[in-house]
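Chemist: Pasting a structure here, questions to come.
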Amino acid sequence: MSWNILVIAICVLLLLFSVWKEYRRENKAHLLLRIIAVMIAISALACIILPLTYKTNQKVADNHRGILLTDGFSADSLKKYPEVPVFTTSAAIKKEFPKATLLSTLSQIKTGYPQLTQIQVLGYGLDEDALKQLNMQVLFNPAAKPAGLSSVSWNGDLKAGESLKVQGRFNNPDGKTYTILLKGLNVTLDSITKKTSGDLELHTIPKTTGNVVYSLIITDGKDTIENNALPLHIEAVKPVRVLILSSSPDFENRFLKNWLSANGYSVYTRTAISKDKFSTEAVNAKQIPLNNLGTGTLQNFDVIVSDATALQALSAPEASALKQQVTQNGLGLIIRADSAAKNTSWFQSSFPLVKTSGQTQNAAVLQISGQTAATEKLKIDPVGIVYKQGTQVLVNDTQNKALVSSALSGAGKLVFSTLGNTYNWMLGGDENDYTAYWSLLISKAARKAATQKSLMLASDISQANHETTVQVLSSMPPDSIKLNDVQPAFAQNADIPFLWQAKFWPGKSGWQKVANGDAKMNDVYVYGENDWKNIKNLHKIFVTNSYANKNLLNYTLAQQKEQSIDKPVPKIWFYLLFLTACSFLWAEAKFWAV
């Protein structure tokens, strides 16, 4: 006998017995009301005991789930999902986990398994293109972030002689000792050891020109964790043409001339020896007349280094020609301050000077922009440059007093320096600081060559056998550009009219040849499957997580359906009826019985 039948039988017997007792009672007052109250009380008691339900329609989620395995998944995590279809697009994962169904494309899940409404992704996840193929709700269980590079950047387009800087962040969750090596032509150029997570920086000066590929290798002492390609384009440059103007012979200009000539610069000097008489010299260059610095003569130089007195001693036509070349044609001008010069000239208006405490020189270490370490001590004058908006401090002391500053002047640049004895670094054997100082000043000031059209890959890590987007900045259609001897079909960007884009499907990794008619353009590099795997995996984690969070609510609402369900009747109403009926029977027997 079932429970429900037993409860009903007992309640019926109890009801018959209770009605019989009421009928046999000598006092017949309120008999009908008492019988009704007894029936209500016993019926409510039965309803409290019995599991009463009613039918209703309700929206419920249609959760039919599949599992998608990606690189980095843990086999133990599959134990949580028994009897669930498992998929992968990786042949290596299929070999490791034979029960998984190998797919050629993710769109096969939707067509071959239409009953599935959710995909649980395990591992590092998917890239943007793969997520578009799924078109269903994604739940994501990301793998732990592995040890290795989590971000990296480097200046891949260099001029000959410029320093290569590789910067990034290293993730080291297990606290092991890792070695990061920068290699070029199988030679270790720089290295660093990491025992914790944190930033890293490697640098070197490449000795070759053209397209080269260095390597950034990470080892844990025994095994190679990463071996990433580091493509560089190193352009051979014409020597920067420097003119040194001096109001009198001095050591600063002599050492500067020697350093410039030793480093391949074309150097011209003009030193005043008396009124309107000059001593001139040319090193690494053909001699040209320098007695009259007219517009035609000044066009031969990229940067002029001069003390302020020599500039103020220029004749009116020379001064006018110099200002025109700087402001209109981009000639650079480096000015060394001196006590005899006036502060009202056009080239010094952006660099007002202020006297600091003390009347004599004091030795101080300096901080050169772009250098992490401070210089060796150098005697400096008690004067600093007042900061003005639009200027950039290039050298300062430990008290943040500006000693060298730069500013734009039309198309050219002005660099103003209060240092006039940097040759003391060379006398003290400190060529590195001297080189860093003058390299910075000349590179900041020198006349810039006109930029050409350049072709770029939209993705930072474009990969072989994957579609990528190529971009060109141009005011006109780039019809003359070819990529691997094929002319891409460029389309103008609707929002940025000078941006042209085309699709590109590289068939192999390595340098891709770029041609632009007779004009020169840099080639672009496409990476292999194993390059920067750690960074690509971290990117997959990010985009998969974002996709799952963004589309969770939309897919949940879309996948709901109505179905009939049994809903329990609230018991509170039966408790109230039972209590009311019992209260009436008690009150009637106590107060109303005659």
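Ordered as shown in the structure tokens, chains take letters A, B, and onward, while each chain numbers its residues from 1 and ligands are numbered from 1 in the order shown.
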Residues near region 346-352 of chain A, anyone? I mean within 10 Å using only C-alpha atoms, not counting same-chain ones fewer than 5 positions away, as a PyMOL selection string.

Modeler: chain A and resi 308+311-312+323+326+333-335+337+341+384-391+404-409+413-417

Chemist: Measuring between only C-alpha atoms, which one of A:Lys571, A:Lys55, A:Lys99, A:His233 shows the shortest distance to Asp523 (chain A)?

Modeler: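 Of A:Lys571, A:Lys55, A:Lys99, A:His233, the one nearest Asp523 (chain A), counting only C-alpha atoms, is A:His233.
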
Chemist: Rank A:Ala100, A:Ala285, A:Ala272, A:Val152 by their smallest atom-to-atom distance to Ala310 (chain A), using only C-alpha atoms, and report the top residue only.

Modeler: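 For Ala310 (chain A), the nearest of the candidates is A:Ala272.
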
Chemist: Nearest to Ile42 (chain A): which of A:Thr468, A:Phe578, A:Tyr434, A:Ala130 is it, counting only C-alpha atoms?

Modeler: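 The shortest atom-to-atom distance to Ile42 (chain A) comes from A:Phe578.
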